[in-house]
>>> print(open('final_16.tsv').read())   # TSV, C-alpha atoms
chain	number	residue	atom	x	y	z
N	1	MET	CA	48.06	99.39	32.45
N	2	GLU	CA	48.21	96.61	29.87
N	3	ASN	CA	44.75	95.45	28.79
N	4	PRO	CA	44.09	92.31	30.85
N	5	PHE	CA	40.90	91.54	28.93
N	6	ASN	CA	42.50	90.17	25.77
N	7	ASN	CA	43.23	86.75	27.27
N	8	THR	CA	40.74	84.61	25.35
N	9	GLU	CA	41.97	81.35	26.86
N	10	ILE	CA	40.67	82.52	30.24
N	11	ALA	CA	37.62	84.28	28.76
N	12	PHE	CA	36.30	81.19	26.98
N	13	SER	CA	37.70	78.49	29.26
N	14	LEU	CA	34.19	77.11	29.93
N	15	LYS	CA	33.17	76.96	26.27
N	16	SER	CA	33.59	73.74	24.32
N	17	ASN	CA	34.62	73.94	20.66
N	18	ARG	CA	30.99	73.40	19.68
N	19	GLU	CA	29.79	76.22	21.95
N	20	LEU	CA	32.49	78.53	20.63
N	21	ARG	CA	31.46	77.86	17.03
N	22	LYS	CA	27.83	78.47	17.96
N	23	ALA	CA	28.74	81.79	19.63
N	24	HIS	CA	30.65	82.75	16.47
N	25	PHE	CA	27.57	82.04	14.34
N	26	LEU	CA	25.21	83.95	16.65
N	27	PHE	CA	27.31	87.10	16.89
N	28	LYS	CA	27.96	87.03	13.15
N	29	MET	CA	24.19	86.96	12.54
N	30	MET	CA	23.67	89.77	15.07
N	31	GLY	CA	25.85	91.95	12.88
N	32	TYR	CA	22.85	92.29	10.53
N	33	PRO	CA	20.11	94.40	12.20
N	34	SER	CA	17.48	93.70	9.53
N	35	LEU	CA	18.04	89.96	9.95
N	36	VAL	CA	17.73	90.25	13.75
N	37	ASN	CA	14.46	92.19	13.48
N	38	PHE	CA	13.00	89.82	10.90
N	39	GLY	CA	14.10	86.72	12.82
N	40	SER	CA	12.70	88.10	16.08
N	41	ALA	CA	9.31	88.76	14.53
N	42	VAL	CA	9.20	85.29	12.93
N	43	MET	CA	10.12	83.59	16.22
N	44	MET	CA	7.44	85.47	18.18
N	45	LYS	CA	4.77	84.64	15.59
N	46	SER	CA	5.87	81.01	15.47
N	47	LEU	CA	5.51	80.71	19.25
N	48	GLN	CA	2.09	82.42	19.16
N	49	TRP	CA	0.95	79.98	16.46
N	50	LYS	CA	2.41	77.08	18.48
N	51	LEU	CA	4.73	76.03	15.66
N	52	PRO	CA	7.50	73.57	16.70
N	53	VAL	CA	10.32	76.12	17.04
N	54	LYS	CA	11.10	75.87	20.77
N	55	GLY	CA	13.86	73.32	20.18
N	56	LEU	CA	15.55	75.56	17.63
N	57	ILE	CA	15.32	78.59	19.95
N	58	LYS	CA	16.50	76.60	22.99
N	59	HIS	CA	19.62	75.25	21.30
N	60	THR	CA	20.68	78.56	19.74
N	61	VAL	CA	19.97	82.01	21.19
N	62	PHE	CA	18.30	80.75	24.41
N	63	GLU	CA	21.18	78.44	25.31
N	64	HIS	CA	23.68	81.25	24.74
N	65	PHE	CA	21.95	83.99	26.76
N	66	CYS	CA	19.99	81.99	29.38
N	67	GLY	CA	20.79	79.44	32.06
N	68	GLY	CA	17.73	77.25	31.53
N	69	THR	CA	13.96	77.18	31.85
N	70	THR	CA	14.03	76.60	35.65
N	71	GLU	CA	16.40	77.45	38.49
N	72	GLU	CA	17.21	73.72	38.72
N	73	GLU	CA	18.33	73.73	35.08
N	74	CYS	CA	20.61	76.69	35.90
N	75	GLU	CA	22.50	74.85	38.63
N	76	PRO	CA	25.18	73.21	36.41
N	77	VAL	CA	25.90	76.59	34.78
N	78	VAL	CA	26.11	78.31	38.17
N	79	GLU	CA	28.46	75.65	39.54
N	80	LYS	CA	30.71	75.68	36.45
N	81	MET	CA	31.13	79.46	36.59
N	82	PHE	CA	31.74	79.48	40.35
N	83	VAL	CA	34.67	77.10	39.89
N	84	LYS	CA	36.22	79.96	37.89
N	85	GLY	CA	35.41	82.47	40.63
N	86	VAL	CA	32.32	83.94	38.94
N	87	SER	CA	29.13	84.25	40.99
N	88	SER	CA	25.62	84.29	39.48
N	89	ILE	CA	22.39	86.23	39.89
N	90	LEU	CA	19.41	84.10	38.93
N	91	ASP	CA	17.01	86.37	37.06
N	92	TYR	CA	13.53	85.02	36.42
N	93	SER	CA	13.14	87.01	33.20
N	94	VAL	CA	9.39	86.82	32.62
N	95	GLU	CA	8.09	90.23	31.53
N	96	GLY	CA	4.95	92.09	30.55
N	97	LYS	CA	2.52	90.71	33.13
N	98	GLU	CA	-0.19	93.10	34.34
N	99	ASP	CA	-2.50	91.49	36.89
N	100	GLU	CA	-2.36	90.84	40.61
N	101	ALA	CA	-2.13	87.06	40.29
N	102	ASP	CA	0.93	87.40	38.06
N	103	PHE	CA	2.56	89.92	40.42
N	104	ASN	CA	1.99	87.60	43.38
N	105	ALA	CA	3.42	84.69	41.39
N	106	VAL	CA	6.58	86.72	40.66
N	107	VAL	CA	6.94	87.59	44.34
N	108	ASP	CA	6.55	83.92	45.30
N	109	LYS	CA	9.22	83.00	42.75
N	110	LYS	CA	11.59	85.71	44.03
N	111	LEU	CA	11.09	84.62	47.65
N	112	LYS	CA	11.95	81.08	46.61
N	113	LEU	CA	15.06	82.31	44.76
N	114	ILE	CA	16.25	84.37	47.74
N	115	LYS	CA	15.96	81.33	50.00
N	116	HIS	CA	17.62	79.19	47.32
N	117	ALA	CA	20.50	81.70	47.07
N	118	ALA	CA	21.00	81.56	50.85
N	119	LYS	CA	22.10	77.94	50.47
N	120	SER	CA	24.87	78.68	47.95
N	121	ASP	CA	28.00	80.84	48.11
N	122	ALA	CA	27.72	81.13	44.32
N	123	LEU	CA	24.51	83.21	44.56
N	124	PRO	CA	25.22	86.39	46.57
N	125	PHE	CA	22.41	88.51	45.01
N	126	GLU	CA	18.83	88.28	43.81
N	127	VAL	CA	17.24	90.78	41.40
N	128	VAL	CA	13.75	92.32	41.18
N	129	LYS	CA	12.16	94.41	38.44
N	130	PRO	CA	9.74	96.90	40.09
N	131	THR	CA	7.15	96.60	37.30
N	132	GLY	CA	7.32	92.81	37.69
N	133	ILE	CA	5.58	93.19	41.06
N	134	GLY	CA	3.18	96.05	40.34
N	135	ARG	CA	1.44	97.80	37.46
N	136	PHE	CA	3.55	100.31	35.54
N	137	TYR	CA	0.59	102.71	35.60
N	138	ILE	CA	0.61	102.85	39.41
N	139	TRP	CA	4.37	103.43	39.60
N	140	GLN	CA	3.95	106.19	37.01
N	141	LYS	CA	1.01	107.85	38.78
N	142	VAL	CA	2.88	107.91	42.10
N	143	THR	CA	5.98	109.31	40.34
N	144	GLU	CA	3.83	112.06	38.79
N	145	LYS	CA	2.33	112.75	42.24
N	146	LYS	CA	-1.20	112.37	40.92
N	147	GLU	CA	-4.00	111.57	43.31
N	148	LEU	CA	-4.80	107.88	43.50
N	149	THR	CA	-8.32	106.53	43.60
N	150	THR	CA	-9.30	104.38	46.59
N	151	ALA	CA	-8.71	101.24	44.53
N	152	GLU	CA	-5.35	102.56	43.33
N	153	GLN	CA	-4.31	103.41	46.89
N	154	ALA	CA	-4.98	99.79	47.84
N	155	GLU	CA	-2.99	98.64	44.80
N	156	TRP	CA	-0.05	100.90	45.71
N	157	GLN	CA	-0.14	99.55	49.27
N	158	ARG	CA	0.09	96.00	47.89
N	159	ILE	CA	3.14	97.02	45.85
N	160	LYS	CA	4.77	98.52	48.95
N	161	ASP	CA	3.94	95.38	50.92
N	162	ARG	CA	5.59	93.22	48.25
N	163	VAL	CA	8.73	95.36	48.24
N	164	LEU	CA	8.89	95.18	52.04
N	165	LEU	CA	8.36	91.40	52.08
N	166	LEU	CA	11.12	90.85	49.51
N	167	SER	CA	13.50	93.21	51.32
N	168	GLN	CA	12.80	91.66	54.73
N	169	THR	CA	13.34	88.15	53.30
N	170	ALA	CA	16.62	89.23	51.68
N	171	TYR	CA	17.74	90.72	54.99
N	172	ASP	CA	16.73	87.61	56.96
N	173	ASN	CA	18.64	85.39	54.51
N	174	ASP	CA	21.67	87.71	54.17
N	175	ILE	CA	21.23	87.94	50.38
N	176	ALA	CA	21.68	91.28	48.63
N	177	LEU	CA	18.63	92.40	46.64
N	178	LEU	CA	19.13	94.39	43.44
N	179	PHE	CA	16.23	96.46	42.12
N	180	ASP	CA	16.38	97.08	38.37
N	181	GLY	CA	16.15	100.58	36.92
N	182	GLU	CA	13.31	101.30	34.51
N	183	GLU	CA	11.76	104.18	32.53
N	184	SER	CA	12.24	107.68	33.97
N	185	TRP	CA	8.51	108.40	34.17
N	186	MET	CA	8.01	105.68	36.79
N	187	GLN	CA	11.44	105.65	38.43
N	188	ASP	CA	11.00	108.34	41.12
N	189	ALA	CA	8.42	106.21	42.94
N	190	ALA	CA	10.78	103.23	42.83
N	191	ASP	CA	13.76	105.33	43.95
N	192	GLU	CA	11.87	106.63	46.98
N	193	LEU	CA	10.57	103.23	48.01
N	194	ILE	CA	13.95	101.54	47.57
N	195	ARG	CA	15.59	104.34	49.57
N	196	ASP	CA	13.17	103.58	52.42
N	197	MET	CA	14.22	99.91	52.26
N	198	MET	CA	17.90	100.97	52.47
N	199	LEU	CA	17.08	103.07	55.52
N	200	GLN	CA	15.43	100.08	57.17
N	201	PHE	CA	17.74	97.22	56.15
N	202	ASN	CA	21.14	98.73	55.24
N	203	LYS	CA	22.30	99.67	58.73
N	204	GLU	CA	25.29	97.32	58.96
N	205	LYS	CA	25.89	96.32	55.33
N	206	ALA	CA	24.39	96.80	51.88
N	207	ILE	CA	21.46	94.41	51.50
N	208	ILE	CA	19.26	96.61	49.28
N	209	TYR	CA	20.70	97.97	46.02
N	210	ASN	CA	19.12	100.38	43.54
N	211	THR	CA	20.11	100.70	39.87
N	212	LEU	CA	21.26	103.98	38.33
N	213	GLN	CA	20.83	104.25	34.56
N	214	CYS	CA	23.61	106.63	33.67
N	215	TYR	CA	22.24	107.65	30.29
N	216	ARG	CA	20.08	109.98	32.43
N	217	HIS	CA	21.81	113.33	32.88
N	218	ASP	CA	20.51	113.74	36.46
N	219	ARG	CA	21.99	110.58	37.96
N	220	LEU	CA	25.19	112.10	39.36
N	221	ASP	CA	23.11	114.68	41.23
N	222	TYR	CA	20.85	111.86	42.43
N	223	ILE	CA	23.68	109.75	43.84
N	224	LYS	CA	25.23	112.80	45.55
N	225	SER	CA	21.86	113.56	47.15
N	226	LEU	CA	21.46	109.94	48.25
N	227	TYR	CA	24.95	109.99	49.74
N	228	GLU	CA	24.10	113.07	51.87
N	229	ASP	CA	20.80	111.45	52.89
N	230	ALA	CA	22.63	108.28	53.97
N	231	LYS	CA	25.19	110.22	56.02
N	232	GLU	CA	22.47	112.21	57.73
N	233	ASN	CA	20.22	109.22	58.44
N	234	ASN	CA	22.89	106.62	59.15
N	235	PHE	CA	22.37	104.00	56.46
N	236	ILE	CA	24.51	102.38	53.76
N	237	VAL	CA	23.71	102.93	50.09
N	238	GLY	CA	23.80	100.01	47.67
N	239	VAL	CA	24.05	101.02	44.01
N	240	LYS	CA	24.44	99.24	40.71
N	241	ILE	CA	25.46	101.55	37.86
N	242	VAL	CA	24.62	100.74	34.24
N	243	ARG	CA	24.56	102.84	31.10
N	244	GLY	CA	20.85	102.18	30.50
N	245	ALA	CA	18.30	100.18	28.54
N	246	TYR	CA	15.52	102.47	27.30
N	247	MET	CA	17.29	105.28	25.42
N	248	GLU	CA	15.25	105.33	22.20
N	249	LYS	CA	11.98	104.92	24.11
N	250	GLU	CA	12.89	107.79	26.46
N	251	ARG	CA	13.81	110.18	23.65
N	252	ALA	CA	10.73	109.33	21.60
N	253	ARG	CA	8.37	109.95	24.53
N	254	ALA	CA	10.04	113.25	25.43
N	255	GLN	CA	9.73	114.45	21.84
N	256	GLU	CA	6.14	113.27	21.49
N	257	MET	CA	5.03	114.90	24.76
N	258	GLY	CA	7.14	118.04	24.44
N	259	TYR	CA	9.34	117.88	27.54
N	260	GLU	CA	13.11	118.02	27.88
N	261	SER	CA	14.67	114.62	27.30
N	262	PRO	CA	16.10	113.13	30.51
N	263	ILE	CA	18.70	111.32	28.42
N	264	CYS	CA	22.29	112.41	27.78
N	265	ALA	CA	22.86	113.99	24.37
N	266	ASN	CA	25.02	111.19	22.97
N	267	LYS	CA	27.13	108.12	23.74
N	268	MET	CA	30.10	110.25	24.83
N	269	ALA	CA	27.98	112.17	27.34
N	270	THR	CA	26.57	108.87	28.64
N	271	ASP	CA	30.08	107.48	29.11
N	272	GLU	CA	31.06	110.66	30.98
N	273	MET	CA	28.00	110.38	33.25
N	274	PHE	CA	28.72	106.69	33.95
N	275	ASN	CA	32.36	107.38	34.75
N	276	SER	CA	31.53	110.45	36.87
N	277	ALA	CA	29.04	108.45	38.95
N	278	MET	CA	31.54	105.61	39.27
N	279	PHE	CA	34.37	107.96	40.34
N	280	PHE	CA	32.14	109.64	42.94
N	281	ILE	CA	31.07	106.32	44.43
N	282	LEU	CA	34.62	104.94	44.48
N	283	ASP	CA	35.58	108.05	46.46
N	284	HIS	CA	32.85	107.31	49.03
N	285	LEU	CA	32.99	103.56	49.60
N	286	ASP	CA	32.61	104.19	53.32
N	287	VAL	CA	28.92	104.97	52.67
N	288	ILE	CA	28.17	103.54	49.20
N	289	LYS	CA	28.71	99.96	48.04
N	290	LEU	CA	28.95	99.49	44.29
N	291	CYS	CA	28.09	97.02	41.55
N	292	ILE	CA	29.63	98.11	38.24
N	293	GLY	CA	27.36	96.71	35.54
N	294	THR	CA	29.20	97.29	32.29
N	295	HIS	CA	30.44	95.65	29.11
N	296	ASN	CA	32.77	98.62	28.54
N	297	GLU	CA	36.46	97.78	28.83
N	298	SER	CA	37.56	101.40	29.28
N	299	SER	CA	35.30	102.02	32.29
N	300	THR	CA	36.37	98.71	33.82
N	301	MET	CA	40.07	99.54	33.37
N	302	GLN	CA	39.55	102.94	34.99
N	303	ALA	CA	37.80	101.31	37.94
N	304	LEU	CA	40.71	98.88	38.41
N	305	GLU	CA	43.21	101.74	38.33
N	306	ILE	CA	41.26	103.71	40.98
N	307	LEU	CA	40.87	100.65	43.21
N	308	ALA	CA	44.61	99.96	42.95
N	309	LYS	CA	45.48	103.58	43.82
N	310	LYS	CA	43.15	103.51	46.82
N	311	GLY	CA	44.54	100.19	48.00
N	312	VAL	CA	41.15	98.48	47.83
N	313	ALA	CA	41.75	94.73	47.76
N	314	PRO	CA	40.19	92.88	44.78
N	315	GLN	CA	37.95	90.75	47.00
N	316	ASP	CA	36.73	93.66	49.14
N	317	HIS	CA	32.94	93.35	49.03
N	318	ASP	CA	32.52	97.11	48.61
N	319	VAL	CA	32.81	96.63	44.83
N	320	TRP	CA	31.44	94.03	42.41
N	321	PHE	CA	31.68	93.79	38.62
N	322	GLY	CA	28.80	92.30	36.63
N	323	GLN	CA	27.94	91.38	33.07
N	324	LEU	CA	25.08	89.61	31.34
N	325	TYR	CA	25.42	85.90	30.70
N	326	GLY	CA	26.46	85.29	27.11
N	327	MET	CA	28.24	88.62	26.73
N	328	SER	CA	31.68	90.05	27.58
N	329	ASP	CA	33.18	86.86	28.97
N	330	ASN	CA	36.58	88.49	28.42
N	331	LEU	CA	35.69	90.97	31.18
N	332	THR	CA	34.00	88.60	33.62
N	333	PHE	CA	36.41	85.71	33.61
N	334	ASN	CA	39.60	87.76	33.43
N	335	LEU	CA	38.37	89.90	36.34
N	336	ALA	CA	37.64	86.72	38.29
N	337	GLN	CA	41.11	85.42	37.44
N	338	MET	CA	42.46	88.61	39.08
N	339	ASN	CA	40.32	87.78	42.17
N	340	TYR	CA	37.81	90.62	41.73
N	341	ASN	CA	34.21	90.04	42.83
N	342	THR	CA	32.32	89.22	39.65
N	343	PHE	CA	28.89	87.97	38.71
N	344	LYS	CA	26.90	87.04	35.66
N	345	ILE	CA	23.21	87.92	35.49
N	346	LEU	CA	21.78	84.53	34.54
N	347	PRO	CA	18.27	84.80	33.07
N	348	PHE	CA	15.93	81.83	33.06
N	349	GLY	CA	12.28	81.00	32.48
N	350	PRO	CA	9.90	79.34	30.01
N	351	ILE	CA	11.13	79.97	26.46
N	352	GLN	CA	7.99	81.75	25.26
N	353	ASP	CA	8.04	84.07	28.29
N	354	VAL	CA	11.75	84.87	28.00
N	355	MET	CA	11.56	85.76	24.28
N	356	PRO	CA	11.14	89.53	24.92
N	357	TYR	CA	14.38	89.43	26.92
N	358	LEU	CA	16.18	87.47	24.19
N	359	ILE	CA	14.98	89.83	21.47
N	360	ARG	CA	16.22	92.80	23.50
N	361	ARG	CA	19.65	91.18	23.92
N	362	ALA	CA	19.90	90.48	20.19
N	363	GLN	CA	18.81	93.99	19.26
N	364	GLU	CA	21.15	95.49	21.86
N	365	ASN	CA	24.08	93.70	20.27
N	366	THR	CA	23.19	95.09	16.86
N	367	SER	CA	22.83	98.66	18.15
N	368	VAL	CA	25.70	99.00	20.64
N	369	ALA	CA	28.61	100.42	18.67
N	370	GLY	CA	31.40	97.86	18.46
N	371	GLN	CA	29.84	95.32	20.83
N	372	THR	CA	29.18	92.59	18.27
N	373	GLY	CA	32.47	93.31	16.50
N	374	ARG	CA	34.45	93.06	19.73
N	375	GLU	CA	32.77	89.77	20.68
N	376	LEU	CA	33.48	88.34	17.22
N	377	ILE	CA	37.14	89.41	17.23
N	378	LEU	CA	37.70	87.70	20.57
N	379	ILE	CA	35.83	84.54	19.54
N	380	LYS	CA	37.84	84.33	16.30
N	381	GLN	CA	41.05	84.88	18.26
N	382	GLU	CA	40.19	81.97	20.55
N	383	MET	CA	39.14	79.74	17.65
N	384	LYS	CA	42.48	80.46	16.00
N	385	ARG	CA	44.32	79.68	19.26
N	386	ARG	CA	42.50	76.33	19.42
N	387	GLY	CA	43.17	75.64	15.75
N	388	LEU	CA	39.45	75.53	14.88
>>> encode(input="final_16.tsv", output="structure tokens")
Amino acid sequence: MENPFNNTEIAFSLKSNRELRKAHFLFKMMGYPSLVNFGSAVMMKSLQWKLPVKGLIKHTVFEHFCGGTTEEECEPVVEKMFVKGVSSILDYSVEGKEDEADFNAVVDKKLKLIKHAAKSDALPFEVVKPTGIGRFYIWQKVTEKKELTTAEQAEWQRIKDRVLLLSQTAYDNDIALLFDGEESWMQDAADELIRDMMLQFNKEKAIIYNTLQCYRHDRLDYIKSLYEDAKENNFIVGVKIVRGAYMEKERARAQEMGYESPICANKMATDEMFNSAMFFILDHLDVIKLCIGTHNESSTMQALEILAKKGVAPQDHDVWFGQLYGMSDNLTFNLAQMNYNTFKILPFGPIQDVMPYLIRRAQENTSVAGQTGRELILIKQEMKRRGL
């Protein structure tokens, strides 16, 4: 199959010349890891010291990777992309909160976003980070099957109540709810709770989706087990597959604490795990509905080939393709042009609160082999086509 993702006219059709030049500058800078690390540290300190840098951040990296500071600010971006056939997932990307008031505030925001999404065909999903609605320590302790104190039992019950409330609201509003994947030492508790939500709410269609981080070498076994569970207990599995976001952290902890690393040995093994999980799911679309979260052209091409062989229509809601806003527009918009179900994860929130997300995106682009180079090549190709 000829690579359909080289069409830069379609990929960057929503970008003005100014935005294209800005993207070129940003990705060129992200080619220098030391500069990214230094700049990230300076920006964080400047915000802590209340220096007047928000405008600079907003009109550079924030504007490229985020939809706005509020969901209302995101609306023009959502509408523009939907004209091109690309849906959005509004992701309130505030991280690192640790108290009950903050967790309740996140839940309130997510409930509002689910109800907001129900009013728009452009917003088929909402997304929740488990540690955004409950302390990491509690998720970890439940995963490790350690006895909870009375106070911790009450805290765990509040977490379960929040997950149930969000899932019930998603079900009532017919909006799919994606739970993010996180570190392996807290993930079992999340997997079990999300599975229970699938059992309750995924009887007729996939409302609840879990995320599989395929840099873990046990994820194919996990999805096979979940498939058998779903067949036996008569529910539909919703799954988003990604390569993963915490590789260095996972390896460092395993080495420090002396246990076998849960992470695949290298990038090639991770790619094989991702593709194996994807192939298995595409063979079982009667029970599992799939979001393919990838910036990898090869995996996307293989998915298209399998779907074509199986006669799965592009707009069949069994399969979605998703990328982060500000990255891999050549995948998203060319897939949409071919009528496949596509979405962008569209982060938003106050600039100072979204900075950890932005730093992670910048660092990810410096560390992912070829990512920044591929983005730059395509941007330069489009600039040349436009005569810029």
>>> atom_distance(input="final_16.tsv", atom1="CA of Asn234 (chain N)", atom2="CA of Gln200 (chain N)")
10.1 Å
>>> closest_atom_pairs(input="final_16.tsv", of="region 182-289 of chain N", to="region 113-126 of chain N", cutoff="10 Å", atoms="all atoms listed in the file", output="CSV")
residue,atom,partner,partner_atom,distance
N:Ile207,CA,N:Phe125,CA,8.8
N:Ile208,CA,N:Phe125,CA,9.7
N:Tyr209,CA,N:Phe125,CA,9.7
>>> atom_distance(input="final_16.tsv", atom1="CA of Lys289 (chain N)", atom2="CA of Phe333 (chain N)")
21.7 Å
>>> closest_residue(input="final_16.tsv", among="N:Ala277, N:Leu324, N:Val142, N:Met198", to="Met186 (chain N)", atoms="only C-alpha atoms")
N:Val142
>>> closest_residue(input="final_16.tsv", among="N:Val61, N:Leu166, N:Lys54, N:Asp172", to="Lys109 (chain N)", atoms="all atoms listed in the file")
N:Leu166
